[in-house]
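Dropping final_25.csv in here (CSV, C-alpha atoms):
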chain,number,residue,atom,x,y,z
A,433,MET,CA,112.3,48.1,11.3
A,434,ASN,CA,114.4,45.8,9.0
A,435,THR,CA,114.9,46.8,5.4
A,436,PHE,CA,112.4,44.9,3.2
A,437,LEU,CA,113.6,43.9,-0.3
A,438,LEU,CA,111.4,42.5,-3.1
A,439,ALA,CA,113.5,40.1,-5.1
A,440,SER,CA,111.4,40.5,-8.3
A,441,SER,CA,111.4,42.7,-11.4
A,442,SER,CA,107.6,42.2,-11.8
A,443,PRO,CA,105.9,45.6,-11.9
A,444,ARG,CA,102.7,43.9,-10.7
A,445,ARG,CA,104.2,42.5,-7.5
A,446,SER,CA,105.7,45.9,-6.7
A,447,GLU,CA,102.4,47.6,-7.3
A,448,PHE,CA,100.5,45.1,-5.1
A,449,LEU,CA,102.9,45.7,-2.2
A,450,LYS,CA,102.5,49.5,-2.6
A,451,GLN,CA,98.7,49.3,-2.6
A,452,CYS,CA,99.0,47.6,0.8
A,453,HIS,CA,101.3,50.4,2.1
A,454,TYR,CA,104.5,48.4,2.4
A,455,GLN,CA,107.8,50.2,2.3
A,456,PHE,CA,110.4,48.3,0.3
A,457,PHE,CA,113.1,48.3,-2.3
A,458,THR,CA,113.2,46.3,-5.4
A,459,GLN,CA,116.2,44.1,-6.1
A,460,PRO,CA,115.6,41.8,-9.1
A,461,SER,CA,117.2,38.3,-8.7
A,462,ASN,CA,119.0,36.5,-11.5
A,463,VAL,CA,118.5,32.8,-11.0
A,464,GLU,CA,118.1,29.7,-13.1
A,465,GLU,CA,114.3,29.2,-13.5
A,466,THR,CA,114.7,25.5,-14.5
A,467,PHE,CA,113.2,22.8,-12.4
A,468,ASP,CA,112.9,19.0,-12.2
A,469,PRO,CA,109.8,18.1,-14.3
A,470,THR,CA,108.9,15.4,-11.7
A,471,TRP,CA,108.3,18.0,-9.0
A,472,GLU,CA,104.8,18.8,-7.9
A,473,ASN,CA,103.5,22.2,-8.9
A,474,ASP,CA,103.6,23.7,-5.4
A,475,THR,CA,107.1,22.4,-5.0
A,476,ILE,CA,108.2,24.2,-8.2
A,477,VAL,CA,106.9,27.6,-7.2
A,478,LYS,CA,108.2,27.3,-3.7
A,479,GLU,CA,111.6,26.3,-4.8
A,480,LEU,CA,111.9,29.0,-7.5
A,481,ALA,CA,110.6,31.6,-5.0
A,482,ARG,CA,113.2,30.4,-2.5
A,483,ARG,CA,116.0,30.6,-5.0
A,484,LYS,CA,115.1,34.1,-6.0
A,485,ALA,CA,114.9,35.3,-2.5
A,486,ALA,CA,118.2,33.5,-1.6
A,487,SER,CA,120.1,35.0,-4.5
A,488,VAL,CA,119.3,38.5,-3.2
A,489,ALA,CA,119.6,37.7,0.5
A,490,ALA,CA,123.2,36.5,-0.1
A,491,ASN,CA,124.2,40.1,-0.8
A,492,HIS,CA,121.8,41.6,1.8
A,493,PRO,CA,122.2,39.5,5.0
A,494,ASN,CA,120.4,42.0,7.2
A,495,ALA,CA,117.3,42.6,5.0
A,496,VAL,CA,114.0,40.7,4.9
A,497,VAL,CA,113.9,39.4,1.4
A,498,LEU,CA,110.7,38.3,-0.5
A,499,GLY,CA,110.9,36.2,-3.6
A,500,ALA,CA,107.9,34.9,-5.6
A,501,ASP,CA,107.2,32.6,-8.6
A,502,THR,CA,104.0,31.9,-10.5
A,503,ILE,CA,103.2,29.1,-12.9
A,504,VAL,CA,100.0,28.5,-15.0
A,505,VAL,CA,99.0,24.9,-15.4
A,506,HIS,CA,96.4,23.8,-17.9
A,507,ASN,CA,95.5,20.1,-18.5
A,508,GLY,CA,98.7,19.1,-16.8
A,509,LYS,CA,100.8,21.3,-19.0
A,510,HIS,CA,102.9,24.3,-17.8
A,511,LEU,CA,102.4,27.6,-19.6
A,512,GLY,CA,105.3,30.0,-19.1
A,513,LYS,CA,105.8,33.5,-20.5
A,514,PRO,CA,105.2,33.3,-24.3
A,515,ALA,CA,108.3,33.9,-26.4
A,516,ASN,CA,106.3,35.8,-29.1
A,517,VAL,CA,102.8,36.7,-30.3
A,518,ALA,CA,102.3,33.3,-32.1
A,519,GLU,CA,103.1,31.4,-28.9
A,520,ALA,CA,100.8,33.8,-26.9
A,521,LYS,CA,98.0,33.0,-29.4
A,522,THR,CA,98.5,29.3,-29.0
A,523,MET,CA,98.4,29.6,-25.2
A,524,LEU,CA,95.3,31.8,-25.1
A,525,MET,CA,93.4,29.5,-27.6
A,526,ALA,CA,94.2,26.6,-25.3
A,527,LEU,CA,92.8,28.5,-22.3
A,528,SER,CA,89.6,29.6,-24.0
A,529,ASN,CA,86.4,28.2,-22.6
A,530,SER,CA,88.1,26.2,-19.9
A,531,THR,CA,89.5,26.2,-16.4
A,532,HIS,CA,93.2,26.3,-15.5
A,533,THR,CA,95.1,26.6,-12.2
A,534,VAL,CA,97.6,29.2,-11.2
A,535,TYR,CA,100.2,28.5,-8.5
A,536,THR,CA,102.2,31.2,-6.8
A,537,GLY,CA,105.0,30.4,-4.3
A,538,VAL,CA,106.4,33.0,-1.9
A,539,ALA,CA,109.6,32.8,0.1
A,540,ILE,CA,110.6,35.3,2.8
A,541,LEU,CA,114.1,35.0,4.2
A,542,HIS,CA,115.9,36.9,7.0
A,543,GLY,CA,119.2,35.5,8.1
A,544,ASN,CA,118.6,31.9,9.1
A,545,LYS,CA,114.8,32.4,9.3
A,546,GLU,CA,112.7,31.4,6.4
A,547,HIS,CA,109.0,31.1,5.6
A,548,VAL,CA,108.0,29.5,2.3
A,549,PHE,CA,104.5,28.8,1.2
A,550,SER,CA,102.4,28.4,-2.0
A,551,ASP,CA,98.8,29.1,-2.9
A,552,ALA,CA,96.7,28.0,-5.8
A,553,ALA,CA,93.6,29.4,-7.5
A,554,LYS,CA,91.4,28.2,-10.3
A,555,VAL,CA,90.6,30.5,-13.3
A,556,THR,CA,87.8,30.0,-15.8
A,557,PHE,CA,88.1,31.7,-19.2
A,558,ASP,CA,85.2,32.7,-21.4
A,559,GLU,CA,85.2,31.7,-25.0
A,560,LEU,CA,87.8,33.8,-26.9
A,561,THR,CA,86.3,34.8,-30.2
A,562,PRO,CA,88.8,35.5,-32.9
A,563,GLU,CA,88.1,39.3,-32.7
A,564,ARG,CA,88.7,39.3,-28.9
A,565,LEU,CA,91.9,37.3,-29.3
A,566,GLU,CA,93.3,39.6,-32.0
A,567,ARG,CA,92.6,42.7,-30.1
A,568,TYR,CA,94.2,41.3,-27.0
A,569,LEU,CA,97.3,40.2,-28.9
A,570,GLN,CA,97.6,43.6,-30.6
A,571,SER,CA,97.6,45.3,-27.2
A,572,GLY,CA,100.9,43.6,-26.2
A,573,ASP,CA,99.5,42.6,-22.8
A,574,SER,CA,100.5,39.0,-23.3
A,575,LEU,CA,104.2,39.0,-23.7
A,576,ASP,CA,105.6,39.4,-20.2
A,577,LYS,CA,103.1,37.2,-18.4
A,578,ALA,CA,102.9,33.4,-17.6
A,579,GLY,CA,99.9,32.0,-19.5
A,580,ALA,CA,100.0,35.0,-21.9
A,581,TYR,CA,97.4,37.1,-20.0
A,582,GLY,CA,97.2,39.6,-17.2
A,583,ILE,CA,94.1,39.3,-14.9
A,584,GLN,CA,94.9,42.7,-13.4
A,585,SER,CA,95.0,44.4,-16.8
A,586,PHE,CA,93.3,43.9,-20.2
A,587,GLY,CA,93.1,40.1,-19.7
A,588,ALA,CA,90.4,40.7,-17.2
A,589,ILE,CA,87.8,40.6,-20.0
A,590,PHE,CA,88.6,36.9,-20.6
A,591,VAL,CA,88.1,35.7,-17.0
A,592,SER,CA,84.5,34.9,-16.0
A,593,ARG,CA,85.3,33.3,-12.7
A,594,ILE,CA,88.0,32.6,-10.2
A,595,GLU,CA,88.1,30.3,-7.1
A,596,GLY,CA,90.8,31.4,-4.7
A,597,ASP,CA,92.8,34.6,-4.2
A,598,PHE,CA,92.8,36.9,-7.1
A,599,TYR,CA,96.3,38.1,-6.2
A,600,THR,CA,97.6,34.5,-6.3
A,601,VAL,CA,96.6,34.6,-10.0
A,602,ALA,CA,98.1,38.0,-10.4
A,603,GLY,CA,101.5,36.9,-8.9
A,604,LEU,CA,101.5,37.6,-5.1
A,605,PRO,CA,98.9,36.2,-2.7
A,606,LEU,CA,98.4,39.3,-0.6
A,607,SER,CA,96.5,38.1,2.3
A,608,LYS,CA,98.8,35.2,3.0
A,609,THR,CA,101.9,37.3,2.3
A,610,ALA,CA,100.7,40.0,4.7
A,611,LYS,CA,100.3,37.5,7.5
A,612,ALA,CA,103.7,35.9,6.7
A,613,LEU,CA,105.4,39.3,6.8
A,614,GLU,CA,104.1,39.9,10.3
A,615,LYS,CA,106.3,37.0,11.4
A,616,PHE,CA,109.2,39.1,10.2
A,617,HIS,CA,107.9,42.3,11.9
A,618,ILE,CA,107.1,43.9,8.5
A,619,TYR,CA,103.8,45.8,8.5
A,620,PRO,CA,102.0,48.2,6.3
A,621,ASN,CA,103.2,51.7,7.0
A,622,ILE,CA,100.3,54.2,7.2
A,623,GLY,CA,100.6,58.0,7.1
B,976,MET,CA,81.3,54.5,-33.2
B,977,ASN,CA,78.8,55.8,-30.8
B,978,THR,CA,79.8,58.0,-27.8
B,979,PHE,CA,80.2,55.8,-24.8
B,980,LEU,CA,79.3,57.3,-21.4
B,981,LEU,CA,80.1,55.9,-17.9
B,982,ALA,CA,77.3,57.1,-15.6
B,983,SER,CA,79.4,56.7,-12.5
B,984,SER,CA,81.7,58.8,-10.4
B,985,SER,CA,83.5,55.7,-9.1
B,986,PRO,CA,87.2,56.1,-9.9
B,987,ARG,CA,87.5,52.2,-9.8
B,988,ARG,CA,84.9,51.7,-12.6
B,989,SER,CA,86.6,54.3,-14.7
B,990,GLU,CA,90.0,52.6,-14.1
B,991,PHE,CA,88.7,49.2,-15.0
B,992,LEU,CA,87.3,50.4,-18.3
B,993,LYS,CA,90.6,52.1,-19.1
B,994,GLN,CA,92.6,49.0,-18.4
B,995,CYS,CA,90.5,47.3,-21.0
B,996,HIS,CA,91.2,50.0,-23.5
B,997,TYR,CA,87.6,51.4,-23.7
B,998,GLN,CA,87.3,55.0,-24.8
B,999,PHE,CA,84.6,56.8,-22.9
B,1000,PHE,CA,83.5,59.9,-21.0
B,1001,THR,CA,82.4,60.0,-17.4
B,1002,GLN,CA,79.1,61.6,-16.5
B,1003,PRO,CA,78.1,60.9,-12.9
B,1004,SER,CA,74.4,60.4,-12.4
B,1005,ASN,CA,72.4,61.8,-9.5
B,1006,VAL,CA,69.6,59.4,-8.6
B,1007,GLU,CA,67.8,58.3,-5.5
B,1008,GLU,CA,69.6,55.2,-4.3
B,1009,THR,CA,66.6,54.0,-2.2
B,1010,PHE,CA,64.9,50.7,-3.0
B,1011,ASP,CA,62.0,48.6,-1.8
B,1012,PRO,CA,63.4,46.3,1.0
B,1013,THR,CA,61.3,43.4,-0.3
B,1014,TRP,CA,63.3,43.3,-3.6
B,1015,GLU,CA,65.7,40.5,-4.3
B,1016,ASN,CA,69.4,41.5,-4.2
B,1017,ASP,CA,69.9,41.1,-7.9
B,1018,THR,CA,66.7,43.2,-8.6
B,1019,ILE,CA,68.1,46.0,-6.4
B,1020,VAL,CA,71.4,46.3,-8.2
B,1021,LYS,CA,69.8,46.0,-11.7
B,1022,GLU,CA,67.2,48.6,-10.9
B,1023,LEU,CA,69.7,51.1,-9.4
B,1024,ALA,CA,72.1,50.5,-12.3
B,1025,ARG,CA,69.2,51.1,-14.7
B,1026,ARG,CA,68.2,54.3,-12.9
B,1027,LYS,CA,71.7,55.7,-13.0
B,1028,ALA,CA,72.1,55.0,-16.7
B,1029,ALA,CA,68.6,56.3,-17.5
B,1030,SER,CA,69.3,59.6,-15.7
B,1031,VAL,CA,72.4,60.3,-17.9
B,1032,ALA,CA,70.8,58.8,-21.1
B,1033,ALA,CA,67.9,61.3,-20.8
B,1034,ASN,CA,70.4,64.1,-21.6
B,1035,HIS,CA,72.4,62.1,-24.1
B,1036,PRO,CA,70.0,60.3,-26.3
B,1037,ASN,CA,72.6,59.3,-28.9
B,1038,ALA,CA,75.2,57.9,-26.5
B,1039,VAL,CA,75.6,54.4,-25.2
B,1040,VAL,CA,75.3,54.8,-21.4
B,1041,LEU,CA,76.5,52.4,-18.8
B,1042,GLY,CA,75.3,52.5,-15.2
B,1043,ALA,CA,76.4,50.1,-12.4
B,1044,ASP,CA,75.5,49.5,-8.8
B,1045,THR,CA,77.1,47.3,-6.1
B,1046,ILE,CA,75.8,46.0,-2.8
B,1047,VAL,CA,77.5,43.9,-0.1
B,1048,VAL,CA,75.3,41.4,1.7
B,1049,HIS,CA,76.3,39.7,4.9
B,1050,ASN,CA,74.0,37.3,6.8
B,1051,GLY,CA,71.1,38.8,5.0
B,1052,LYS,CA,72.0,42.4,5.9
B,1053,HIS,CA,73.0,45.1,3.3
B,1054,LEU,CA,76.2,46.9,4.0
B,1055,GLY,CA,76.4,50.3,2.2
B,1056,LYS,CA,79.2,52.9,2.3
B,1057,PRO,CA,80.0,53.6,5.9
B,1058,ALA,CA,79.2,57.1,7.1
B,1059,ASN,CA,82.3,57.4,9.3
B,1060,VAL,CA,85.2,55.4,10.7
B,1061,ALA,CA,83.1,54.0,13.6
B,1062,GLU,CA,80.6,52.5,11.1
B,1063,ALA,CA,83.4,51.2,8.9
B,1064,LYS,CA,84.9,49.5,12.0
B,1065,THR,CA,81.6,47.8,12.8
B,1066,MET,CA,81.1,46.6,9.2
B,1067,LEU,CA,84.7,45.2,9.0
B,1068,MET,CA,84.4,43.4,12.4
B,1069,ALA,CA,81.2,41.8,11.1
B,1070,LEU,CA,82.9,40.6,7.9
B,1071,SER,CA,86.0,39.2,9.7
B,1072,ASN,CA,86.5,35.5,9.5
B,1073,SER,CA,83.4,34.9,7.4
B,1074,THR,CA,82.0,34.9,3.9
B,1075,HIS,CA,79.7,37.5,2.3
B,1076,THR,CA,78.3,38.1,-1.1
B,1077,VAL,CA,78.8,41.1,-3.4
B,1078,TYR,CA,76.2,41.8,-6.1
B,1079,THR,CA,76.9,44.2,-9.0
B,1080,GLY,CA,74.2,45.2,-11.5
B,1081,VAL,CA,75.0,46.8,-14.9
B,1082,ALA,CA,72.7,48.6,-17.3
B,1083,ILE,CA,73.6,49.6,-20.8
B,1084,LEU,CA,71.2,51.9,-22.6
B,1085,HIS,CA,71.1,53.3,-26.1
B,1086,GLY,CA,67.9,54.9,-27.3
B,1087,ASN,CA,65.2,52.2,-26.9
B,1088,LYS,CA,67.7,49.4,-26.6
B,1089,GLU,CA,68.7,48.2,-23.1
B,1090,HIS,CA,70.7,45.4,-21.7
B,1091,VAL,CA,70.6,44.9,-17.9
B,1092,PHE,CA,72.2,42.1,-15.9
B,1093,SER,CA,73.7,41.3,-12.5
B,1094,ASP,CA,76.5,39.2,-11.3
B,1095,ALA,CA,77.3,37.9,-7.8
B,1096,ALA,CA,80.5,36.7,-6.2
B,1097,LYS,CA,81.4,35.3,-2.7
B,1098,VAL,CA,84.2,36.8,-0.7
B,1099,THR,CA,85.8,35.2,2.3
B,1100,PHE,CA,87.6,37.4,4.8
B,1101,ASP,CA,90.5,36.4,7.1
B,1102,GLU,CA,90.4,37.1,10.7
B,1103,LEU,CA,90.9,40.8,11.2
B,1104,THR,CA,93.2,41.2,14.2
B,1105,PRO,CA,92.8,44.6,16.1
B,1106,GLU,CA,96.1,45.7,14.7
B,1107,ARG,CA,95.2,44.9,11.1
B,1108,LEU,CA,91.8,46.6,11.5
B,1109,GLU,CA,93.3,49.8,13.1
B,1110,ARG,CA,95.9,50.2,10.3
B,1111,TYR,CA,93.2,49.7,7.7
B,1112,LEU,CA,90.9,52.3,9.3
B,1113,GLN,CA,93.8,54.7,9.6
B,1114,SER,CA,94.5,54.4,5.9
B,1115,GLY,CA,91.1,55.9,4.9
B,1116,ASP,CA,90.5,53.2,2.4
B,1117,SER,CA,87.1,52.3,3.9
B,1118,LEU,CA,85.0,55.4,3.6
B,1119,ASP,CA,83.9,55.5,-0.1
B,1120,LYS,CA,83.3,51.8,-0.5
B,1121,ALA,CA,80.3,49.5,0.1
B,1122,GLY,CA,81.1,47.1,2.9
B,1123,ALA,CA,83.9,49.5,4.0
B,1124,TYR,CA,86.8,47.8,2.1
B,1125,GLY,CA,88.4,47.9,-1.4
B,1126,ILE,CA,89.5,44.5,-2.7
B,1127,GLN,CA,91.5,46.3,-5.4
B,1128,SER,CA,93.4,48.4,-2.9
B,1129,PHE,CA,94.6,48.0,0.7
B,1130,GLY,CA,91.5,45.8,1.5
B,1131,ALA,CA,93.2,43.0,-0.5
B,1132,ILE,CA,95.1,41.8,2.6
B,1133,PHE,CA,91.8,40.8,4.3
B,1134,VAL,CA,90.5,38.6,1.4
B,1135,SER,CA,91.7,35.0,1.5
B,1136,ARG,CA,89.4,33.7,-1.2
B,1137,ILE,CA,86.7,34.7,-3.8
B,1138,GLU,CA,84.3,32.6,-5.8
B,1139,GLY,CA,83.2,34.5,-8.9
B,1140,ASP,CA,84.5,37.5,-10.9
B,1141,PHE,CA,87.0,39.6,-8.9
B,1142,TYR,CA,85.7,42.7,-10.8
B,1143,THR,CA,82.1,42.0,-9.7
B,1144,VAL,CA,83.4,42.5,-6.2
B,1145,ALA,CA,85.4,45.6,-7.2
B,1146,GLY,CA,82.3,47.2,-8.9
B,1147,LEU,CA,82.2,46.2,-12.5
B,1148,PRO,CA,82.0,42.6,-13.9
B,1149,LEU,CA,84.5,43.1,-16.7
B,1150,SER,CA,84.0,39.9,-18.7
B,1151,LYS,CA,80.2,40.1,-18.8
B,1152,THR,CA,80.4,43.9,-19.4
B,1153,ALA,CA,82.7,43.5,-22.4
B,1154,LYS,CA,80.4,40.9,-24.0
B,1155,ALA,CA,77.3,43.2,-23.3
B,1156,LEU,CA,79.1,46.2,-24.9
B,1157,GLU,CA,79.7,44.2,-28.1
B,1158,LYS,CA,75.9,44.2,-28.6
B,1159,PHE,CA,76.1,48.0,-28.7
B,1160,HIS,CA,79.1,47.9,-31.0
B,1161,ILE,CA,81.4,49.2,-28.3
B,1162,TYR,CA,84.8,47.5,-28.4
B,1163,PRO,CA,88.3,48.0,-26.8
B,1164,ASN,CA,90.3,50.5,-28.8
B,1165,ILE,CA,93.9,49.3,-29.4
B,1166,GLY,CA,96.7,51.5,-30.6
Write the structure described by the file as structure tokens, please.
Amino acid sequence: MNTFLLASSSPRRSEFLKQCHYQFFTQPSNVEETFDPTWENDTIVKELARRKAASVAANHPNAVVLGADTIVVHNGKHLGKPANVAEAKTMLMALSNSTHTVYTGVAILHGNKEHVFSDAAKVTFDELTPERLERYLQSGDSLDKAGAYGIQSFGAIFVSRIEGDFYTVAGLPLSKTAKALEKFHIYPNIG
Amino acid sequence: MNTFLLASSSPRRSEFLKQCHYQFFTQPSNVEETFDPTWENDTIVKELARRKAASVAANHPNAVVLGADTIVVHNGKHLGKPANVAEAKTMLMALSNSTHTVYTGVAILHGNKEHVFSDAAKVTFDELTPERLERYLQSGDSLDKAGAYGIQSFGAIFVSRIEGDFYTVAGLPLSKTAKALEKFHIYPNIG
């Protein structure tokens, strides 16, 4: 079996691959996360995922390398990771009582072979009362996450409904990723 | 603040309440999980959730007690926890490449006050190839879960799409539960 590298420092992505019994190493990439504002949302996440994977693959030509990127889009506006609590508050107040879309791109590279795809899911937020918002901001869950919330952590209490793959919202579309990894002969490793 | 008891032995439900910073004790209930087959699906999960909470509340009259119950319904048929690997295999093959519905009921009791609700979510499975199915069965993830899969664990790779609350599928609708707990003055406890 080829060495499988996750080109991401996200503890969530690593956790999701582990829960599906993949054996891998983590090698965070260091790439420019800028993009052309005229690009479509799915192009942005696919291109950034590809860049992340490529930057790690350059040093590990024999490994299968997976990169991923997630953006949150609300009313046509991109919400990245908040710089501070005030920015997190502004983002969460915007998301309150409405629906936004999360795009995640995945790129898997191995030598000359590449498979790049994206997936999107809709997320509907409940109304965030001032008390709920304050407690959430206090918890510190906002700061390292696009859109300022974690659906797989405390942010779960805000989300009344999703349409699509939960793991796309959380940062790695597991069912599509598992199928794509099969093309590279990477399988869950049981027992 | 009143003592908050989770009337469930499910490690998932306990984990979900913890990720939302609730402080609680776990007190598994021991009730008959039989029901009248003429009941509607939402009636079944609400009634079983109420029974579980009531059996614990009887011994803890001053506590706020939460009970929950989850059923998986596919083509009008109820799928419970599989008795063995063969039954798990039959269930998963039935779910392959189709959509089913998961109902979770929640009952919160405190003295004479009660709040009981249910939530439903649709889950669409990918095609389960024989290899995927065998690996999953080998992992042992099937056996303690209604419908023979865990969406929050290795079963994630089967699920291409959900419509509704992910946590309803996983066993506890967190956003509705958080709002219901507020009526009993139970809040996440930060820091």
Interface list for chain A, partner chain B, 7 Å threshold, all atoms listed in the file, as a ChimeraX atom specification: /A:451-452,567,570-571,585-586,588-598,606-607,610,622
- prompt: B:Asp1116, B:Asp1011, B:Glu1109, B:Glu1089: which is nearest Leu1041 of chain B, counting only C-alpha atoms?
  reply: B:Glu1089
message: Need to verify the contact set: Thr1009 of chain B, 10 Å, only C-alpha atoms, exclusion of same-chain residues closer than 2 positions in sequence. Can you return it as a PyMOL selection string?
response: chain B and resi 1006-1007+1011-1012+1019+1023
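Distances here use only C-alpha atoms; by that measure, the residue among B:Val1060, B:Val1031, B:Ala1024, B:Leu1070 closest to Phe1092 of chain B is B:Ala1024.
Atom pair atom CA of Glu614 of chain A / atom CA of Ser1117 of chain B: separated by 22.0 Å.
Of note, atom CA of Ala489 of chain A and atom CA of Leu437 of chain A are spaced 8.7 Å apart.
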- prompt: What lies within 10 Å of Gly1051 of chain B using only C-alpha atoms, ignoring chain neighbours under 3 positions off, as a PyMOL selection string?
  reply: chain B and resi 1016+1047-1048+1054+1075-1076
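From atom CA of Arg482 of chain A back to atom CA of Met523 of chain A, the distance works out to 27.1 Å.
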